[in-house]
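Here's protein20.cif, which has mmCIF, C-alpha atoms and all ligand atoms:
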```
data_input
loop_
_atom_site.label_atom_id
_atom_site.label_comp_id
_atom_site.auth_asym_id
_atom_site.auth_seq_id
_atom_site.Cartn_x
_atom_site.Cartn_y
_atom_site.Cartn_z
CA MET A 704 -168.07 124.40 -100.96
CA THR A 705 -168.08 128.21 -100.68
CA ASN A 706 -166.14 130.06 -103.24
CA VAL A 707 -162.90 130.76 -101.48
CA SER A 708 -161.05 133.96 -101.75
CA ILE A 709 -158.49 136.14 -100.10
CA PRO A 710 -158.45 139.92 -99.98
CA GLU A 711 -156.32 141.93 -102.36
CA LEU A 712 -153.01 143.00 -100.92
CA ALA A 713 -151.59 146.35 -101.90
CA ASP A 714 -149.26 147.04 -99.01
CA PHE A 715 -146.24 144.69 -98.72
CA THR A 716 -144.59 146.22 -95.69
CA GLU A 717 -143.75 143.80 -92.87
CA SER A 718 -146.51 145.09 -90.63
CA ALA A 719 -149.09 144.87 -93.42
CA LEU A 720 -147.98 141.29 -94.12
CA ASP A 721 -148.21 140.43 -90.43
CA LYS A 722 -151.71 141.78 -90.29
CA ALA A 723 -152.86 139.98 -93.47
CA PHE A 724 -151.42 136.63 -92.42
CA ALA A 725 -152.69 136.97 -88.86
CA SER A 726 -156.18 137.47 -90.12
CA LEU A 727 -155.92 134.46 -92.43
CA GLU A 728 -154.60 132.34 -89.58
CA ALA A 729 -157.42 133.50 -87.32
CA SER A 730 -160.04 132.49 -89.83
CA ALA A 731 -158.35 129.12 -90.41
CA ARG A 732 -158.39 128.47 -86.67
CA GLU A 733 -161.99 129.55 -86.40
CA ALA A 734 -163.03 127.26 -89.25
CA ALA A 735 -161.06 124.30 -87.85
CA ALA A 736 -162.49 124.69 -84.36
CA GLY A 737 -166.02 123.79 -85.35
CA LEU A 738 -165.20 120.84 -87.59
CA SER A 739 -166.93 117.58 -87.02
CA GLY A 740 -167.21 114.59 -89.28
CA ASP A 741 -165.07 113.40 -92.17
CA GLU A 742 -166.92 115.49 -94.72
CA ALA A 743 -166.38 118.73 -92.89
CA VAL A 744 -162.72 117.92 -92.43
CA GLU A 745 -162.34 117.22 -96.13
CA ALA A 746 -164.10 120.48 -96.98
CA PHE A 747 -161.71 122.33 -94.69
CA ARG A 748 -158.78 120.66 -96.40
CA LEU A 749 -160.04 121.68 -99.85
CA GLU A 750 -160.82 125.21 -98.74
CA TRP A 751 -157.36 125.81 -97.39
CA LEU A 752 -155.00 123.40 -99.05
CA GLY A 753 -156.83 122.53 -102.28
CA ARG A 754 -154.43 122.65 -105.17
CA LYS A 755 -156.48 124.76 -107.47
CA GLN A 756 -158.84 126.77 -105.36
CA GLY A 757 -157.41 126.53 -101.87
CA ARG A 758 -156.71 129.75 -100.04
CA LEU A 759 -153.05 128.98 -99.66
CA ASN A 760 -152.86 128.43 -103.38
CA ASP A 761 -154.48 131.83 -103.80
CA VAL A 762 -151.97 133.41 -101.48
CA SER A 763 -149.09 132.11 -103.48
CA SER A 764 -150.57 132.79 -106.89
CA ARG A 765 -151.90 136.25 -106.12
CA TRP A 766 -149.98 137.78 -103.21
CA LEU A 767 -146.64 136.26 -104.02
CA LYS A 768 -146.92 137.11 -107.65
CA ALA A 769 -147.93 140.72 -106.94
CA ALA A 770 -145.23 141.25 -104.34
CA PRO A 771 -142.25 143.43 -105.21
CA PRO A 772 -139.02 141.42 -105.29
CA GLU A 773 -137.78 142.81 -101.94
CA ALA A 774 -140.96 141.65 -100.14
CA LYS A 775 -141.01 138.12 -101.57
CA LYS A 776 -138.82 136.63 -98.88
CA ALA A 777 -140.83 138.07 -95.97
CA LEU A 778 -143.99 136.90 -97.64
CA GLY A 779 -142.59 133.42 -98.25
CA VAL A 780 -141.61 133.00 -94.62
CA ARG A 781 -145.11 133.94 -93.46
CA PHE A 782 -146.65 131.73 -96.11
CA ASN A 783 -144.74 128.69 -94.92
CA ALA A 784 -145.64 129.38 -91.33
CA LEU A 785 -149.31 129.69 -92.17
CA LYS A 786 -149.18 126.49 -94.18
CA ALA A 787 -147.70 124.63 -91.23
CA VAL A 788 -150.44 125.98 -88.98
CA VAL A 789 -153.19 124.92 -91.38
CA GLU A 790 -151.70 121.46 -91.82
CA GLY A 791 -151.48 121.10 -88.06
CA LEU A 792 -155.11 122.14 -87.69
CA LEU A 793 -156.12 119.62 -90.33
CA GLU A 794 -154.19 116.84 -88.63
CA GLN A 795 -155.83 117.66 -85.33
CA ALA A 796 -159.30 117.84 -86.83
CA ALA A 797 -158.85 114.51 -88.57
CA GLY A 798 -157.69 113.00 -85.30
CA ALA A 799 -154.74 112.02 -87.33
CA GLY A 800 -152.11 110.08 -85.46
CA PRO A 801 -148.43 110.26 -86.17
CA SER A 802 -147.02 110.23 -89.66
CA ASP A 803 -146.45 107.03 -91.59
CA ALA A 804 -142.75 107.14 -90.88
CA SER A 805 -143.16 107.45 -87.15
CA LEU A 806 -145.81 104.75 -87.19
CA LYS A 807 -143.38 102.41 -88.82
CA ALA A 808 -140.70 103.23 -86.31
CA GLU A 809 -143.04 102.45 -83.44
CA ALA A 810 -144.62 99.40 -85.00
CA ILE A 811 -144.66 96.35 -82.77
CA ASP A 812 -144.51 92.79 -83.91
CA VAL A 813 -147.42 91.25 -82.03
CA THR A 814 -146.13 87.78 -82.78
CA LEU A 815 -143.03 88.30 -80.61
CA PRO A 816 -143.16 86.69 -77.15
CA GLY A 817 -144.15 89.16 -74.41
CA THR A 818 -141.97 90.35 -71.56
CA ARG A 819 -142.55 87.79 -68.89
CA ARG A 820 -143.04 89.11 -65.38
CA LEU A 821 -141.13 87.04 -62.88
CA LEU A 822 -143.35 85.74 -60.12
CA GLY A 823 -142.18 86.60 -56.64
CA ALA A 824 -141.94 83.86 -54.04
CA GLU A 825 -141.87 83.62 -50.28
CA HIS A 826 -138.41 83.53 -48.76
CA PRO A 827 -137.75 80.07 -47.27
CA ILE A 828 -137.65 81.56 -43.77
CA THR A 829 -140.98 83.32 -44.25
CA ARG A 830 -142.42 80.16 -45.71
CA THR A 831 -141.26 78.02 -42.80
CA LEU A 832 -142.45 80.60 -40.31
CA ASN A 833 -145.90 80.68 -41.91
CA GLU A 834 -146.02 76.92 -42.02
CA ILE A 835 -145.27 76.63 -38.30
CA VAL A 836 -147.83 79.30 -37.48
CA SER A 837 -150.54 77.61 -39.53
CA VAL A 838 -150.01 74.27 -37.79
CA PHE A 839 -150.93 76.01 -34.52
CA ALA A 840 -153.60 78.20 -36.08
CA ALA A 841 -155.34 74.98 -37.10
CA LEU A 842 -155.35 74.00 -33.40
CA GLY A 843 -157.15 77.24 -32.54
CA TYR A 844 -154.12 79.34 -31.61
CA SER A 845 -154.17 83.04 -32.34
CA VAL A 846 -151.11 84.85 -33.71
CA GLY A 847 -149.40 87.80 -32.08
CA VAL A 848 -146.29 89.90 -32.42
CA GLY A 849 -144.22 92.10 -30.14
CA PRO A 850 -141.45 94.70 -30.37
CA GLU A 851 -137.95 93.74 -31.51
CA VAL A 852 -136.45 96.48 -29.34
CA GLU A 853 -137.44 95.38 -25.88
CA THR A 854 -136.88 96.46 -22.29
CA ASP A 855 -134.72 94.56 -19.86
CA TYR A 856 -137.89 93.92 -17.83
CA TYR A 857 -139.76 92.07 -20.55
CA ASN A 858 -136.81 90.29 -22.11
CA PHE A 859 -135.38 89.07 -18.79
CA GLU A 860 -136.78 90.15 -15.46
CA CYS A 861 -140.43 89.12 -15.84
CA MET A 862 -139.35 85.92 -17.55
CA ASN A 863 -137.69 85.06 -14.26
CA PHE A 864 -134.11 86.04 -15.12
CA PRO A 865 -133.38 88.27 -12.09
CA PRO A 866 -130.82 91.11 -12.50
CA GLY A 867 -127.32 89.69 -12.33
CA HIS A 868 -128.53 86.11 -12.61
CA PRO A 869 -126.12 83.88 -14.54
CA ALA A 870 -128.99 82.56 -16.70
CA ARG A 871 -128.77 85.89 -18.51
CA ASP A 872 -125.35 84.91 -19.78
CA THR A 873 -126.90 82.12 -21.87
CA GLN A 874 -128.29 84.79 -24.18
CA ASP A 875 -125.53 87.15 -25.30
CA THR A 876 -127.38 90.40 -25.54
CA LEU A 877 -127.03 93.40 -27.84
CA VAL A 878 -128.01 96.45 -25.80
CA VAL A 879 -128.96 99.93 -26.94
CA ALA A 880 -126.22 102.43 -26.05
CA ASN A 881 -126.50 105.27 -23.50
CA GLN A 882 -129.21 103.72 -21.33
CA GLU A 883 -127.18 103.78 -18.10
CA ARG A 884 -129.15 106.64 -16.55
CA ARG A 885 -132.37 104.62 -16.74
CA PRO A 886 -133.40 102.06 -14.14
CA LEU A 887 -132.22 98.62 -15.28
CA ARG A 888 -135.73 97.40 -15.99
CA ASP A 889 -136.37 100.19 -18.51
CA ARG A 890 -133.12 99.86 -20.45
CA LEU A 891 -133.56 98.93 -24.08
CA LEU A 892 -132.02 95.96 -25.82
CA LEU A 893 -132.60 93.88 -28.93
CA ARG A 894 -134.77 91.03 -27.74
CA THR A 895 -132.86 87.78 -27.52
CA HIS A 896 -135.98 85.62 -27.78
CA THR A 897 -139.69 85.94 -28.47
CA SER A 898 -140.56 84.88 -24.91
CA PRO A 899 -141.15 88.48 -23.71
CA VAL A 900 -144.26 88.53 -25.89
CA GLN A 901 -145.69 85.83 -23.59
CA MET A 902 -145.82 88.46 -20.86
CA ARG A 903 -147.06 91.24 -23.15
CA THR A 904 -149.88 88.92 -24.20
CA MET A 905 -150.86 87.94 -20.67
CA GLU A 906 -150.85 91.57 -19.57
CA GLN A 907 -153.31 92.32 -22.34
CA GLN A 908 -155.77 89.48 -21.80
CA PRO A 909 -156.91 87.17 -19.00
CA PRO A 910 -156.72 83.40 -19.49
CA PRO A 911 -157.50 81.27 -21.41
CA VAL A 912 -154.71 82.07 -23.89
CA ARG A 913 -153.53 80.09 -26.86
CA ILE A 914 -151.12 82.07 -28.97
CA VAL A 915 -148.13 81.69 -31.24
CA ILE A 916 -145.72 84.57 -31.72
CA PRO A 917 -143.37 84.58 -34.70
CA GLY A 918 -140.59 87.13 -34.89
CA LYS A 919 -137.03 88.25 -35.31
CA VAL A 920 -134.53 88.02 -32.46
CA HIS A 921 -130.91 89.11 -31.98
CA ARG A 922 -127.93 87.73 -30.14
CA ASN A 923 -124.34 88.80 -29.93
CA ASP A 924 -123.20 85.46 -31.37
CA ALA A 925 -120.43 85.00 -33.89
CA ALA A 926 -121.81 83.85 -37.21
CA ASP A 927 -120.94 80.30 -38.23
CA ALA A 928 -122.58 77.54 -40.26
CA THR A 929 -125.51 77.27 -37.85
CA HIS A 930 -125.50 80.61 -35.98
CA SER A 931 -126.48 84.07 -37.08
CA PRO A 932 -126.72 87.16 -34.84
CA ILE A 933 -130.18 87.74 -36.30
CA PHE A 934 -132.60 84.87 -36.55
CA HIS A 935 -136.26 83.99 -36.09
CA GLN A 936 -138.30 82.16 -33.53
CA VAL A 937 -141.86 81.07 -33.07
CA GLU A 938 -143.00 81.24 -29.46
CA GLY A 939 -146.05 79.45 -28.15
CA LEU A 940 -148.12 79.92 -25.00
CA CYS A 941 -151.15 78.06 -23.74
CA VAL A 942 -152.76 78.98 -20.43
CA ASP A 943 -156.02 77.67 -19.01
CA THR A 944 -157.29 75.70 -16.07
CA ASN A 945 -155.83 72.19 -15.81
CA ILE A 946 -153.23 72.43 -18.54
CA THR A 947 -150.77 69.60 -17.99
CA PHE A 948 -147.47 68.35 -19.33
CA SER A 949 -149.49 65.76 -21.32
CA ASP A 950 -151.15 68.61 -23.19
CA LEU A 951 -147.72 70.01 -23.98
CA LYS A 952 -146.45 66.65 -25.19
CA GLY A 953 -149.51 65.96 -27.31
CA THR A 954 -149.47 69.42 -28.87
CA LEU A 955 -145.79 69.39 -29.80
CA ASP A 956 -145.87 65.78 -30.96
CA HIS A 957 -148.71 66.72 -33.31
CA ALA A 958 -146.88 69.85 -34.48
CA MET A 959 -143.65 67.98 -35.26
CA LYS A 960 -145.57 65.35 -37.23
CA ALA A 961 -147.38 68.10 -39.14
CA LEU A 962 -144.07 69.78 -39.97
CA PHE A 963 -141.85 66.78 -40.67
CA GLY A 964 -144.22 63.97 -41.59
CA SER A 965 -146.30 61.52 -39.57
CA ALA A 966 -143.44 59.00 -39.26
CA VAL A 967 -141.54 61.37 -36.97
CA LYS A 968 -141.33 60.49 -33.28
CA THR A 969 -140.72 62.95 -30.46
CA ARG A 970 -139.08 62.65 -27.08
CA PHE A 971 -138.78 65.13 -24.26
CA PHE A 972 -135.43 65.55 -22.61
CA PRO A 973 -134.98 67.33 -19.26
CA SER A 974 -133.59 70.84 -19.65
CA PHE A 975 -133.60 74.21 -17.97
CA PHE A 976 -135.20 77.55 -18.78
CA PRO A 977 -135.82 80.17 -16.12
CA PHE A 978 -139.42 80.71 -17.23
CA THR A 979 -140.57 77.09 -17.25
CA GLU A 980 -140.63 74.38 -14.59
CA PRO A 981 -140.20 71.62 -15.48
CA SER A 982 -138.39 72.40 -18.75
CA ALA A 983 -137.62 70.13 -21.66
CA ASP A 984 -135.84 70.01 -24.96
CA VAL A 985 -137.90 68.37 -27.66
CA GLN A 986 -136.06 65.94 -29.85
CA ILE A 987 -137.42 64.38 -33.00
CA SER A 988 -136.33 61.12 -34.55
CA CYS A 989 -133.71 61.91 -37.17
CA ILE A 990 -135.50 62.76 -40.42
CA PHE A 991 -132.38 61.89 -42.43
CA CYS A 992 -131.84 58.31 -41.23
CA GLY A 993 -135.21 57.56 -39.65
CA GLY A 994 -133.54 57.10 -36.26
CA LYS A 995 -130.90 54.54 -37.22
CA GLY A 996 -128.06 56.96 -36.63
CA CYS A 997 -126.14 59.04 -39.16
CA ARG A 998 -123.73 61.95 -39.40
CA LYS A 999 -126.56 64.51 -39.12
CA CYS A 1000 -127.83 63.16 -35.80
CA LYS A 1001 -124.33 62.36 -34.57
CA ASN A 1002 -125.31 58.70 -34.57
CA SER A 1003 -127.88 59.24 -31.83
CA GLY A 1004 -130.95 58.86 -34.02
CA TRP A 1005 -132.39 62.04 -32.45
CA ILE A 1006 -132.25 65.72 -33.30
CA GLU A 1007 -132.89 68.46 -30.77
CA LEU A 1008 -135.33 71.00 -32.12
CA LEU A 1009 -136.95 73.22 -29.55
CA GLY A 1010 -137.37 74.19 -25.92
CA CYS A 1011 -140.53 73.98 -23.87
CA GLY A 1012 -141.95 73.52 -20.42
CA MET A 1013 -144.70 74.31 -17.96
CA VAL A 1014 -144.93 78.06 -17.29
CA ASP A 1015 -143.11 78.82 -14.05
CA PRO A 1016 -145.42 80.16 -11.29
CA ALA A 1017 -142.99 83.07 -10.90
CA VAL A 1018 -143.86 84.15 -14.46
CA PHE A 1019 -147.58 84.01 -13.69
CA ALA A 1020 -146.91 86.13 -10.60
CA PHE A 1021 -145.45 88.87 -12.84
CA ALA A 1022 -148.48 88.62 -15.14
CA ALA A 1023 -150.83 88.77 -12.16
CA GLN A 1024 -149.52 92.26 -11.32
CA LYS A 1025 -151.59 93.47 -14.29
CA GLN A 1026 -154.10 90.61 -14.73
CA PRO A 1027 -155.00 89.04 -11.37
CA ALA A 1028 -156.59 86.06 -13.16
CA TYR A 1029 -153.10 84.66 -13.71
CA ASP A 1030 -153.18 83.11 -10.27
CA PRO A 1031 -150.81 80.12 -10.32
CA LYS A 1032 -153.07 78.36 -7.82
CA LYS A 1033 -155.95 78.41 -10.28
CA ILE A 1034 -154.42 78.17 -13.72
CA SER A 1035 -151.51 76.45 -15.42
CA GLY A 1036 -149.92 76.56 -18.82
CA PHE A 1037 -147.16 75.50 -21.10
CA ALA A 1038 -144.83 77.39 -23.40
CA PHE A 1039 -142.44 76.55 -26.17
CA GLY A 1040 -140.00 78.29 -28.44
CA MET A 1041 -138.42 77.14 -31.67
CA GLY A 1042 -135.84 78.48 -34.09
CA VAL A 1043 -137.25 78.99 -37.57
CA GLU A 1044 -133.87 78.81 -39.34
CA ARG A 1045 -133.05 75.52 -37.68
CA ILE A 1046 -136.35 74.00 -38.79
CA ALA A 1047 -135.99 75.43 -42.32
CA MET A 1048 -132.45 74.00 -42.55
CA MET A 1049 -133.77 70.58 -41.57
CA LYS A 1050 -136.77 70.67 -43.88
CA TYR A 1051 -134.84 71.87 -46.92
CA GLY A 1052 -131.46 70.28 -46.27
CA VAL A 1053 -129.60 73.59 -45.98
CA SER A 1054 -126.25 73.28 -44.23
CA GLU A 1055 -125.18 76.95 -44.08
CA ILE A 1056 -127.49 79.35 -42.26
CA GLY A 1057 -125.86 82.25 -44.13
CA GLN A 1058 -127.48 81.10 -47.36
CA PHE A 1059 -130.79 82.43 -46.08
CA TYR A 1060 -129.45 85.97 -45.85
CA ALA A 1061 -127.01 86.18 -48.77
CA GLY A 1062 -129.64 87.10 -51.36
CA ASP A 1063 -128.06 84.74 -53.89
CA MET A 1064 -130.71 84.06 -56.52
CA ARG A 1065 -129.22 80.68 -57.36
CA PHE A 1066 -130.08 79.62 -53.82
CA LEU A 1067 -133.43 81.42 -53.58
CA ASN A 1068 -134.68 80.22 -56.96
CA GLN A 1069 -134.82 76.70 -55.57
CA PHE A 1070 -137.72 77.76 -53.37
CA VAL A 1071 -139.90 79.26 -56.12
N1 LIG B 1101 -136.73 81.45 -25.23
C1 LIG B 1101 -135.95 80.24 -25.36
C2 LIG B 1101 -134.67 80.55 -26.12
O1 LIG B 1101 -134.65 81.46 -26.91
C3 LIG B 1101 -136.73 79.19 -26.10
C4 LIG B 1101 -137.84 78.68 -25.26
C5 LIG B 1101 -137.63 77.60 -24.44
C6 LIG B 1101 -139.07 79.31 -25.28
C7 LIG B 1101 -138.64 77.11 -23.65
C8 LIG B 1101 -140.09 78.81 -24.46
C9 LIG B 1101 -139.87 77.72 -23.65
O2 LIG B 1101 -141.31 79.38 -24.43
O3 LIG B 1101 -140.86 77.26 -22.87
O4 LIG B 1101 -133.71 79.87 -25.95
#
```
In structure tokens, write the structure found in this file.
Amino acid sequence: MTNVSIPELADFTESALDKAFASLEASAREAAAGLSGDEAVEAFRLEWLGRKQGRLNDVSSRWLKAAPPEAKKALGVRFNALKAVVEGLLEQAAGAGPSDASLKAEAIDVTLPGTRRLLGAEHPITRTLNEIVSVFAALGYSVGVGPEVETDYYNFECMNFPPGHPARDTQDTLVVANQERRPLRDRLLLRTHTSPVQMRTMEQQPPPVRIVIPGKVHRNDAADATHSPIFHQVEGLCVDTNITFSDLKGTLDHAMKALFGSAVKTRFFPSFFPFTEPSADVQISCIFCGGKGCRKCKNSGWIELLGCGMVDPAVFAFAAQKQPAYDPKKISGFAFGMGVERIAMMKYGVSEIGQFYAGDMRFLNQFV
């Protein structure tokens, strides 16, 4: 270690003190800047803070002692400041962390259990929707989506609901305001079903088509135990040469068994939809009583689950305006549409549709 020393101080005016301390601080900083290794750090500590020979000790024993009484306070203040600087430099050089006290305050007990992150889970509607889609994906269907704000043309007209036709009244429609200046076909509404995406799909690609379309739909219905103004559907469309009603029956019978278990039976009941001819409602044997008859199936043994039918030639004619290959003389197809909430309620035994939307964790936690 070099023999440490500090210059003599004869002038104790404030400015002379400032100068003397500034020069000491500068050399402390310079010395600290180049420190590397424990030994060098220790040498720095001894040189500056050593009890007997350290420079700060020298400052107090020589400068402070020699100072006239009126300068002692000014000197003391500068001394303390310099000491703090040197200690700080030392701490930095030693890579010293926080003090013992603050270490203790921050100490963690590694034996305590950790904070558990709650795992998220699919909402029962999303889960059901995905399940339906994957049944058809496994049959080679692709998956598509379409807009929730739709035009009158796609939601109704091209699906063979002509303007003013009473069939429109079966789907109470929420319309976008201030559209009166537009031609009827361009007016916007919240789609009442996913069927318009059948047409959007056909306009985009010639046959063959096998597609399922999940999505959200809206109707101006009063909410009750089984109705909600917003709900979900999965639409299906299959178009090719020689598609028959048998294909429709076989496909949906398979899908219902995949969703509800292989013991489930299906039957097709005559119905009406403007965009299919013939049309049918698909009923499945009651999953609660196995078909014997119970309160859930109103003692009929059957539960109505979805609509379907052979695509009406009038619908193909609309598609053919953009894709001539949809010539009803050459191709045929079937379509179906099902309500996701209804299927989820059946699968999980939920009796109030509102439970799906209430965000009540006591309900949702059952699906984790
Ligand atoms: N779009 C119909 C509705 O919301 C459901 C439906 C019935 C879709 C028959 C179809 C179908 O594709 O063929 O009530």
Test item: residues no farther than 6 Å from ligand LIG 1101 (chain B), counting all atoms listed in the file, as JSON, numbers by chain: {"A": [896, 898, 938, 976, 979, 1010, 1011, 1012, 1038, 1039, 1040]}
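Across the structure, CA of Thr947 (chain A) and CA of Cys861 (chain A) are spaced 22.2 Å apart.
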field: Residues within 9 Å of (-142.7, 137.3, -96.7), file coords, only C-alpha atoms, listed as number ranges by chain
entry: A: 715, 717, 720-721, 767, 770, 774-782
Could the residues of region 849-934 of chain A that have an atom at most 9 Å from region 1053-1059 of chain A be listed as a Markdown table, each with its closest atom pair and the distance in Å to one decimal, counting only C-alpha atoms and ordered by chain and ascending residue number?
```
| residue | atom | partner | partner_atom | distance |
| --- | --- | --- | --- | --- |
| A:Ala926 | CA | A:Gly1057 | CA | 8.2 |
| A:Asp927 | CA | A:Ile1056 | CA | 7.7 |
| A:Ala928 | CA | A:Glu1055 | CA | 4.7 |
| A:Thr929 | CA | A:Ile1056 | CA | 5.3 |
| A:His930 | CA | A:Ile1056 | CA | 6.7 |
| A:Ser931 | CA | A:Ile1056 | CA | 7.1 |
```
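CA of Gln1024 (chain A) sits 29.9 Å away from CA of Pro973 (chain A).
You will find CA of Val879 (chain A) at 5.1 Å from CA of Leu892 (chain A).
A search radius of 10 Å centred on (-145.8, 72.4, -14.9), applied to only C-alpha atoms, returns the residues A:Ile946, A:Thr947, A:Phe948, A:Ser949, A:Leu951, A:Thr979, A:Glu980, A:Pro981, A:Ser982, A:Gly1012, A:Met1013, A:Val1014, A:Asp1015, A:Pro1016, A:Ser1035, A:Gly1036, A:Phe1037, A:Ala1038.
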task: Might you pull out every residue within 7 Å of region 729-736 of chain A, with all atoms listed in the file counted and same-chain residues fewer than 4 positions away left off, and present them as a ChimeraX atom specification?
output: /A:725,789,792,796
Gly918 (chain A) environment, 9 Å, only C-alpha atoms, sequence neighbours closer than 2 positions dropped, as a ChimeraX atom specification: /A:832,848-851,896-897,916,920,934-938
Output for the residues just chosen: C-alpha atoms as an mmCIF file, in the frame of the given file:
```
data_model
loop_
_atom_site.group_PDB
_atom_site.id
_atom_site.type_symbol
_atom_site.label_atom_id
_atom_site.label_comp_id
_atom_site.auth_asym_id
_atom_site.auth_seq_id
_atom_site.Cartn_x
_atom_site.Cartn_y
_atom_site.Cartn_z
ATOM 1 C CA LEU A 832 -142.450 80.600 -40.310
ATOM 2 C CA VAL A 848 -146.290 89.900 -32.420
ATOM 3 C CA GLY A 849 -144.220 92.100 -30.140
ATOM 4 C CA PRO A 850 -141.450 94.700 -30.370
ATOM 5 C CA GLU A 851 -137.950 93.740 -31.510
ATOM 6 C CA HIS A 896 -135.980 85.620 -27.780
ATOM 7 C CA THR A 897 -139.690 85.940 -28.470
ATOM 8 C CA ILE A 916 -145.720 84.570 -31.720
ATOM 9 C CA VAL A 920 -134.530 88.020 -32.460
ATOM 10 C CA PHE A 934 -132.600 84.870 -36.550
ATOM 11 C CA HIS A 935 -136.260 83.990 -36.090
ATOM 12 C CA GLN A 936 -138.300 82.160 -33.530
ATOM 13 C CA VAL A 937 -141.860 81.070 -33.070
ATOM 14 C CA GLU A 938 -143.000 81.240 -29.460
#
```
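Near Glu711 (chain A), within 10 Å and counting all atoms listed in the file, sit Ala723, Val762, Arg765, Trp766 and Ala769 of chain A; same-chain residues fewer than 4 positions away were not included.
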Write out, as a compact mmCIF listing (two decimals), keeping the file's coordinate frame, the residues just selected, with C-alpha atoms.
```
# COMPACT_ATOMS: atom_id res chain seq x y z
CA ALA A 723 -152.86 139.98 -93.47
CA VAL A 762 -151.97 133.41 -101.48
CA ARG A 765 -151.90 136.25 -106.12
CA TRP A 766 -149.98 137.78 -103.21
CA ALA A 769 -147.93 140.72 -106.94
```
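Here the question is which of A:Val838, A:Asp984, A:Thr814, A:His826 gets nearest to Asp1063 (chain A) using all atoms listed in the file, and that residue is A:His826.
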message: Set the distance at 9 Å and use all atoms listed in the file: which residues neighbour Ala1028 (chain A) once local chain neighbours fewer than 6 positions away are removed? I'd like the list as a ChimeraX atom specification.
response: /A:909-910,1022,1034
Any chance you could export the current selection's C-alpha atoms as an mmCIF file, in the frame of the given file?
```
data_model
loop_
_atom_site.group_PDB
_atom_site.id
_atom_site.type_symbol
_atom_site.label_atom_id
_atom_site.label_comp_id
_atom_site.auth_asym_id
_atom_site.auth_seq_id
_atom_site.Cartn_x
_atom_site.Cartn_y
_atom_site.Cartn_z
ATOM 1 C CA PRO A 909 -156.910 87.170 -19.000
ATOM 2 C CA PRO A 910 -156.720 83.400 -19.490
ATOM 3 C CA ALA A 1022 -148.480 88.620 -15.140
ATOM 4 C CA ILE A 1034 -154.420 78.170 -13.720
#
```
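Excluding Gly964 (chain A) itself and same-chain residues fewer than 2 positions from it, the residues having an atom within 12 Å of it are A:Asp956, A:His957, A:Ala958, A:Met959, A:Lys960, A:Ala961, A:Leu962, A:Ala966, A:Val967, A:Lys968, A:Thr969, A:Ile987, A:Ser988, A:Cys989, A:Ile990, A:Gly993, A:Lys1050, counting all atoms listed in the file.
Counting all atoms listed in the file and comparing A:Leu822, A:Leu793, A:Val788, A:Ala719, the residue that lies closest to Arg748 (chain A) is A:Leu793.
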